[in-house]
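Engineer: What follows is a structure written as structure tokens; I'll ask about it next.
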Amino acid sequence: MQHLPHLITDLALILGAAAIFTLLFKKLKQPVVLGYIIAGLLVGPNFQLFPSVVEVGSIKIWAEIGVLFLLFGLGLEFSFKKLVKVGSIAVVAALMGISLTMLCGCGIGYLLGWEMMDSLFMGGILAIASTTIIVRAFDEQGVKSQKFAGIVLGVLVIEDLVAVVLMVVLSTVSISRTFEGTEMIMSILKLIFFLVLWFVSGIFFLPTFLKAVKNYLSEETLLILSIALCFGIVVLAAHVGFSPALGAFIMGSILAETTKAEKIEHGIKSLKDLFGAIFFVSVGMLIDPKMLIEHALPIGLATLVLLIGKPTFVLIGSLITGQPLKVAVQTGMSLSQIGEFSFIIATLGLTLDVTSDFLYPVAVAVSVLTTFTTPYMIKLSNPMYEFLNRKLPSKWIAGIERYSMGAQKINEASDWKVLIRFYILNVTVFSVIIITVILLGTKYVSWMIPFSTWNKPITAIVTLIILAPFLWALAFRRTHKDAYANIWLKPLQRGPLVVMLLSRVALAVFYIGFLFDQLFSPLIAVIGVITTVTILFLLRGKIREFYGRIELRFLSNLNDREVQAMINAAPIAPWDSHIATFQLKPYHPYVGQTLMESKLRENFGINIAVIRRGDIVINVPSRFEKLYPNDVLSVIGTDEQLKSFKEFLEASKRALDGMSDAVEVSLHHFTITNFSSILGKSIRESAIRERTKGLVVGIERKGERILNPESDVVFELDDTVWMVGGEKRMQVFMRECEGHTRNMKRQQLSKH
């Protein structure tokens with residue numbers, strides 16, 4: 001008889017046991033993950049009643065591959081755009097739950113006299129809830145459409161990202177065995193650097209590449225390509241000092257933004273299920289029943305933290321964000337378990353050889369117990385709310401309701417808050433890109449140039465050509481012009497605004513100096529910086545235009561999946577139609593018109609699928625949606641239709657070339673106060689259109705939005721009025737309003 005390798009017999013044993021328990025747990029309506037873990041316990045070395053696995057080391061390697069596929073799949077479901085959409089409610093609830101639960105986990109280890117690393121990893125294991133188990137429980141109970149379920153899913157998105165950061169932090173602490181603050185900060189900055197670099201470059205290049213080879217992408221080829229990309233970034237992540245699992249998660253989240261995400265997810269599903277099963281079986285193989293009995297106390301304490309502590313912490317976080325008591329209770333009690341990320345963190349401790357042997361079985365036991373209780377915790381959330389509603393003092397209940405109602409109002413975002421958020425994002429993204437280009441340029445461009453005499457000058461020139469659009473964006477790119485204008489109209493706030501703008505220019509000049517300093521002496525570097533700044537200033541128009549094309553490509557790739565989904569959902573779509581992106585300029589004839597008034601479909605045969613307006617994305621806009629300057633339009637049409645539309649836009653630009661009285665139109669807003677001159681007047685009576693040469697496009701009133709108001713609508717106290725008009729006229733109007741307000745206040749004070 002031919003001899004079979006032990007690995008094959010081990011796999012037959014593992015998969016056979018997993019299949020049996022999958023069927024059993026499906027019948028019992030329990031999560032199959034628990035079946036895998038119990039199957040692993042029965043075929044593992046610590047349970048002798050059944051045949052046991054022989055080559056445990058080989059199975060561990062397969063389990064590590066399972067972790068990569070598991071994280072790759074989670075990344076495909078994650079999407080960085082989801083992180084932007086979850087909102088402050090999920091962020092506050094998640095961070096409150098994670099931080100306090102982790103503190104409790106560390107406290108358990110401290111009380112039981114564990115080593116520091118065991119306590120830290122225990123905190124990390126308890127901090128992250130299981131996305132797989134919660135989503136499955138929501139499906140089974142039919143609650144995914146309820147408000148609290150949306151918050152819970154948002155919390156899970158935040159927890160997934162925090163888990164990735166936590167893995168990096170724990171790895172850093174494990175290597176140094178101490179809390180070195182500087183080292184910790186450097187590790188987090190390094191993580192942020194590579195996350196931004198991988199995401200920006202991935203979104204810019206990958207969708208473009210997939211479009212270029214779409215005719216050759218069969219299901220087989222796409223599967224191989226996606227796995228190759230996954231393992232490629234896994235190797236890269238390990239090379240730069242991160243966990244391989246982090247690389248798999250990042251590549252999954254990048255591919256999640258492409259139009260091929262669903263096909264990739266469908267293609268790897270079988271592989272993810274196979275290797276995931278092996279991973280969870282390997283988790284069960286490490287359980288030692290004797291050790292569970294020996295460590296029953298920490299298992300019990302950890303379970304209590306998850307069943308009582310974490311729901312309470314998340315409940316408090318939800319109340320802080322203004323959620324009603326019922327929603328807060330439901331949210332907290334849904335997040336009372338641990339799962340896949342906890343196993344990965346526990347595995348990390350074993351791989352780094354920094355945790356004790358008992359910690360892994362403890363984590364598995366806690367996961368098994370809390371997974372069983374998850375459906376019951378969700379069901380008990382309503383009775384728990386009713387109990388608290390009866391038992392809590394009536395003053396507390398009334399206070400929570402008042403706070404919740406106040407928090408639900410639409411508040412006008414601070415102009416400074418908007419600009420600071422934009423400043424941090426702009427500086428971070430373009431600093432990462434510029435530093436990467438400089439390091440790669442000085443290392444590889446010079447290596448490719450054979451002429452030693454001209455090596456450094458050519459390297460500097462090539463690198464600067466690549467850097468030019470990003471240096472311009474770092475120094476001068478602006479959005480939120482209305483926020484800039486509002487702040488500039490307040491003389492006391494102009495100083496900080498100027499400092500903020502100049503700091504961006506100074507940072508761009510610093511990076512130019514850094515490049516020259518890497519290649520030349522200090523004197524030549526100073527001359528090079530002055531020369532480069534002068535040339536970039538003279539060519540600023542062309543550089544700005546080139547950067548605009550880069551940004552449009554990035555935004556088009558970023559939104560391509562959503563647009564493609566809408567096309568696929570349409571009942572009829574021309575086979576030769578595709579998507580192109582255009583940006584409206586203030587001089588284009590359609591600015592200020594609704595889609596119905598513009599008659600784009602009648603004149604060109606095109607359809608507007610998406611309008612991107614700053615940070616706002618309007619999917620499938622209605623015919624009453626107005627077009628504003630700098631709107632980025634995702635347009636669907638044939639090659640001929642799109643070409644005709646593009647030529648029309650370019651013709652309108654040529655027609656206005658040389659006109660010195662062109663007015664740049666932008667979006668502005670202000671709030672009606674007690675002293676406003678237009679308070680109590682209708683739009684027609686206030687003559688606001690004539691005074692500003694602008695349009696009133698919206699009014700926010702008591703939490704409601706009135707779009708495109710009629711001329712007989714009367715301005716009321718605390719209305720937020722949104723207008724489109726010329727920058728200068730709007731500034732003059734706002735100064736007049738402020739002057740009127742000051743005069744009215746003086747008159748009122750003089751009377752008293």
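We label chains A, B, ... in the order they appear in the structure tokens, count residues from 1 in each chain, and number ligands from 1 in the order shown.
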Report as a PyMOL selection string: the residues of stretch 305-430 of chain A with a DSSP assignment of alpha helix (DSSP H), based on the backbone of this structure.

Structural biologist: chain A and resi 310-320+325-334+340-351+359-379+381-391+394-407+415-430

Engineer: Could you give me, as JSON, numbers by chain, the residues within 9 Å of A:Gly528, counting only C-alpha atoms and dropping anything in the same chain fewer than 3 positions from it?

Structural biologist: {"A": [512, 513, 516, 523, 524, 525, 531, 532, 533]}

Engineer: Using only C-alpha atoms, which residues sit within 8 Å of A:His480 once same-chain residues fewer than 2 positions away are excluded, as a list in words?

Structural biologist: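 Selected residues are Val418, Leu419, Arg478, Asp482, Ala483, Tyr484 and Gly614 of chain A.
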
Engineer: Restricting the output to all heavy atoms, write the selected residues as a PDB file, in the first residue's frame.

Structural biologist:
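Generated output (selection-v9.pdb):
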ATOM      1  N   VAL A 418     -13.855  72.863  10.377  1.00  0.00           N
ATOM      2  CA  VAL A 418     -13.789  72.378   8.991  1.00  0.00           C
ATOM      3  C   VAL A 418     -12.388  72.566   8.418  1.00  0.00           C
ATOM      4  O   VAL A 418     -11.809  71.660   7.806  1.00  0.00           O
ATOM      5  CB  VAL A 418     -14.838  73.115   8.129  1.00  0.00           C
ATOM      6  CG1 VAL A 418     -14.623  72.817   6.651  1.00  0.00           C
ATOM      7  CG2 VAL A 418     -16.248  72.714   8.543  1.00  0.00           C
ATOM      8  N   LEU A 419     -11.812  73.760   8.631  1.00  0.00           N
ATOM      9  CA  LEU A 419     -10.497  74.055   8.054  1.00  0.00           C
ATOM     10  C   LEU A 419      -9.388  73.253   8.725  1.00  0.00           C
ATOM     11  O   LEU A 419      -8.453  72.809   8.056  1.00  0.00           O
ATOM     12  CB  LEU A 419     -10.201  75.553   8.174  1.00  0.00           C
ATOM     13  CG  LEU A 419     -11.046  76.481   7.294  1.00  0.00           C
ATOM     14  CD1 LEU A 419     -10.506  77.898   7.338  1.00  0.00           C
ATOM     15  CD2 LEU A 419     -11.074  75.983   5.857  1.00  0.00           C
ATOM     16  N   ARG A 478      -7.070  74.210  -2.027  1.00  0.00           N
ATOM     17  CA  ARG A 478      -8.112  74.687  -1.120  1.00  0.00           C
ATOM     18  C   ARG A 478      -9.460  74.093  -1.483  1.00  0.00           C
ATOM     19  O   ARG A 478      -9.798  73.955  -2.654  1.00  0.00           O
ATOM     20  CB  ARG A 478      -8.244  76.211  -1.193  1.00  0.00           C
ATOM     21  CG  ARG A 478      -7.141  76.971  -0.495  1.00  0.00           C
ATOM     22  CD  ARG A 478      -7.538  78.422  -0.356  1.00  0.00           C
ATOM     23  NE  ARG A 478      -6.408  79.263  -0.063  1.00  0.00           N
ATOM     24  CZ  ARG A 478      -6.481  80.577   0.067  1.00  0.00           C
ATOM     25  NH1 ARG A 478      -7.646  81.185  -0.102  1.00  0.00           N
ATOM     26  NH2 ARG A 478      -5.416  81.291   0.333  1.00  0.00           N
ATOM     27  N   ASP A 482     -16.059  78.814   1.386  1.00  0.00           N
ATOM     28  CA  ASP A 482     -16.954  79.608   2.220  1.00  0.00           C
ATOM     29  C   ASP A 482     -16.434  79.722   3.649  1.00  0.00           C
ATOM     30  O   ASP A 482     -16.571  80.764   4.289  1.00  0.00           O
ATOM     31  CB  ASP A 482     -18.358  79.006   2.214  1.00  0.00           C
ATOM     32  CG  ASP A 482     -18.369  77.544   2.611  1.00  0.00           C
ATOM     33  OD1 ASP A 482     -17.355  76.868   2.367  1.00  0.00           O
ATOM     34  OD2 ASP A 482     -19.386  77.084   3.157  1.00  0.00           O
ATOM     35  N   ALA A 483     -15.814  78.638   4.163  1.00  0.00           N
ATOM     36  CA  ALA A 483     -15.242  78.691   5.510  1.00  0.00           C
ATOM     37  C   ALA A 483     -14.077  79.682   5.565  1.00  0.00           C
ATOM     38  O   ALA A 483     -13.945  80.460   6.524  1.00  0.00           O
ATOM     39  CB  ALA A 483     -14.772  77.297   5.937  1.00  0.00           C
ATOM     40  N   TYR A 484     -13.228  79.682   4.527  1.00  0.00           N
ATOM     41  CA  TYR A 484     -12.135  80.653   4.456  1.00  0.00           C
ATOM     42  C   TYR A 484     -12.690  82.077   4.459  1.00  0.00           C
ATOM     43  O   TYR A 484     -12.193  82.960   5.179  1.00  0.00           O
ATOM     44  CB  TYR A 484     -11.299  80.432   3.191  1.00  0.00           C
ATOM     45  CG  TYR A 484     -10.287  79.322   3.282  1.00  0.00           C
ATOM     46  CD1 TYR A 484     -10.534  78.087   2.705  1.00  0.00           C
ATOM     47  CD2 TYR A 484      -9.076  79.510   3.935  1.00  0.00           C
ATOM     48  CE1 TYR A 484      -9.607  77.058   2.775  1.00  0.00           C
ATOM     49  CE2 TYR A 484      -8.137  78.488   4.009  1.00  0.00           C
ATOM     50  CZ  TYR A 484      -8.403  77.262   3.427  1.00  0.00           C
ATOM     51  OH  TYR A 484      -7.481  76.259   3.499  1.00  0.00           O
ATOM     52  N   GLY A 614     -17.515  68.612  -2.668  1.00  0.00           N
ATOM     53  CA  GLY A 614     -16.683  68.648  -1.470  1.00  0.00           C
ATOM     54  C   GLY A 614     -16.684  67.287  -0.807  1.00  0.00           C
ATOM     55  O   GLY A 614     -16.319  66.280  -1.406  1.00  0.00           O
TER      56      GLY A 614
END

Engineer: Have a look at atom CA of A:Gln641 and atom CA of A:Leu600 and let me know their distance in Å, one decimal.

Structural biologist: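 Separating atom CA of A:Gln641 from atom CA of A:Leu600 is a distance of 10.4 Å.
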
Engineer: Between atom CA of A:Ser336 and atom CA of A:Phe372, what is the distance in Å, rounded to a tenth?

Structural biologist: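 Atom CA of A:Ser336 sits 10.6 Å away from atom CA of A:Phe372.
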
Engineer: Identify, on the basis of only C-alpha atoms, every residue whose closest approach to stretch 422-430 of chain A does not exceed 8 Å; exclude the query and any residue fewer than 4 positions from it along the same chain; express the result as a count of residues only.

Structural biologist: 9

Engineer: What lies within 12 Å of A:Leu161 using only C-alpha atoms, ignoring chain neighbours under 3 positions off, as a ChimeraX atom specification?

Structural biologist: /A:71,74-75,78-80,82-83,91,94-95,98,128-129,154-158,164-168,191-192,195,246,249-250,253,341

Engineer: Which residues are close to A:Pro361, i.e. within 7 Å by only C-alpha atoms, leaving aside same-chain residues fewer than 4 positions away? Reply as a short mmCIF file (atom, residue, chain, number, x, y, z; two decimals) with all heavy atoms, in the first residue's frame.

Structural biologist:
data_model
loop_
_atom_site.label_atom_id
_atom_site.label_comp_id
_atom_site.auth_asym_id
_atom_site.auth_seq_id
_atom_site.Cartn_x
_atom_site.Cartn_y
_atom_site.Cartn_z
N LEU A 286 -5.63 23.70 20.51
CA LEU A 286 -4.76 24.21 21.58
C LEU A 286 -5.45 24.24 22.94
O LEU A 286 -4.85 24.63 23.93
CB LEU A 286 -4.28 25.62 21.22
CG LEU A 286 -3.36 25.72 20.00
CD1 LEU A 286 -3.07 27.16 19.67
CD2 LEU A 286 -2.06 24.97 20.26
N ILE A 287 -6.72 23.86 22.98
CA ILE A 287 -7.44 23.87 24.27
C ILE A 287 -7.04 22.65 25.09
O ILE A 287 -7.07 21.51 24.61
CB ILE A 287 -8.97 23.85 24.05
CG1 ILE A 287 -9.41 25.10 23.28
CG2 ILE A 287 -9.70 23.76 25.38
CD1 ILE A 287 -10.88 25.11 22.95
N ASP A 288 -6.65 22.91 26.31
CA ASP A 288 -6.33 21.83 27.26
C ASP A 288 -7.41 21.84 28.35
O ASP A 288 -7.48 22.79 29.14
CB ASP A 288 -4.95 22.06 27.87
CG ASP A 288 -4.50 20.89 28.74
OD1 ASP A 288 -5.34 20.03 29.05
OD2 ASP A 288 -3.32 20.84 29.11
N LEU A 292 -8.27 24.59 31.47
CA LEU A 292 -9.50 25.35 31.62
C LEU A 292 -10.03 25.24 33.05
O LEU A 292 -10.51 26.23 33.61
CB LEU A 292 -10.56 24.84 30.63
CG LEU A 292 -10.25 25.03 29.14
CD1 LEU A 292 -11.41 24.51 28.31
CD2 LEU A 292 -9.98 26.49 28.82
N ALA A 365 -12.01 29.77 25.56
CA ALA A 365 -13.12 29.41 26.44
C ALA A 365 -14.08 30.59 26.60
O ALA A 365 -15.31 30.43 26.56
CB ALA A 365 -12.59 28.97 27.80
#
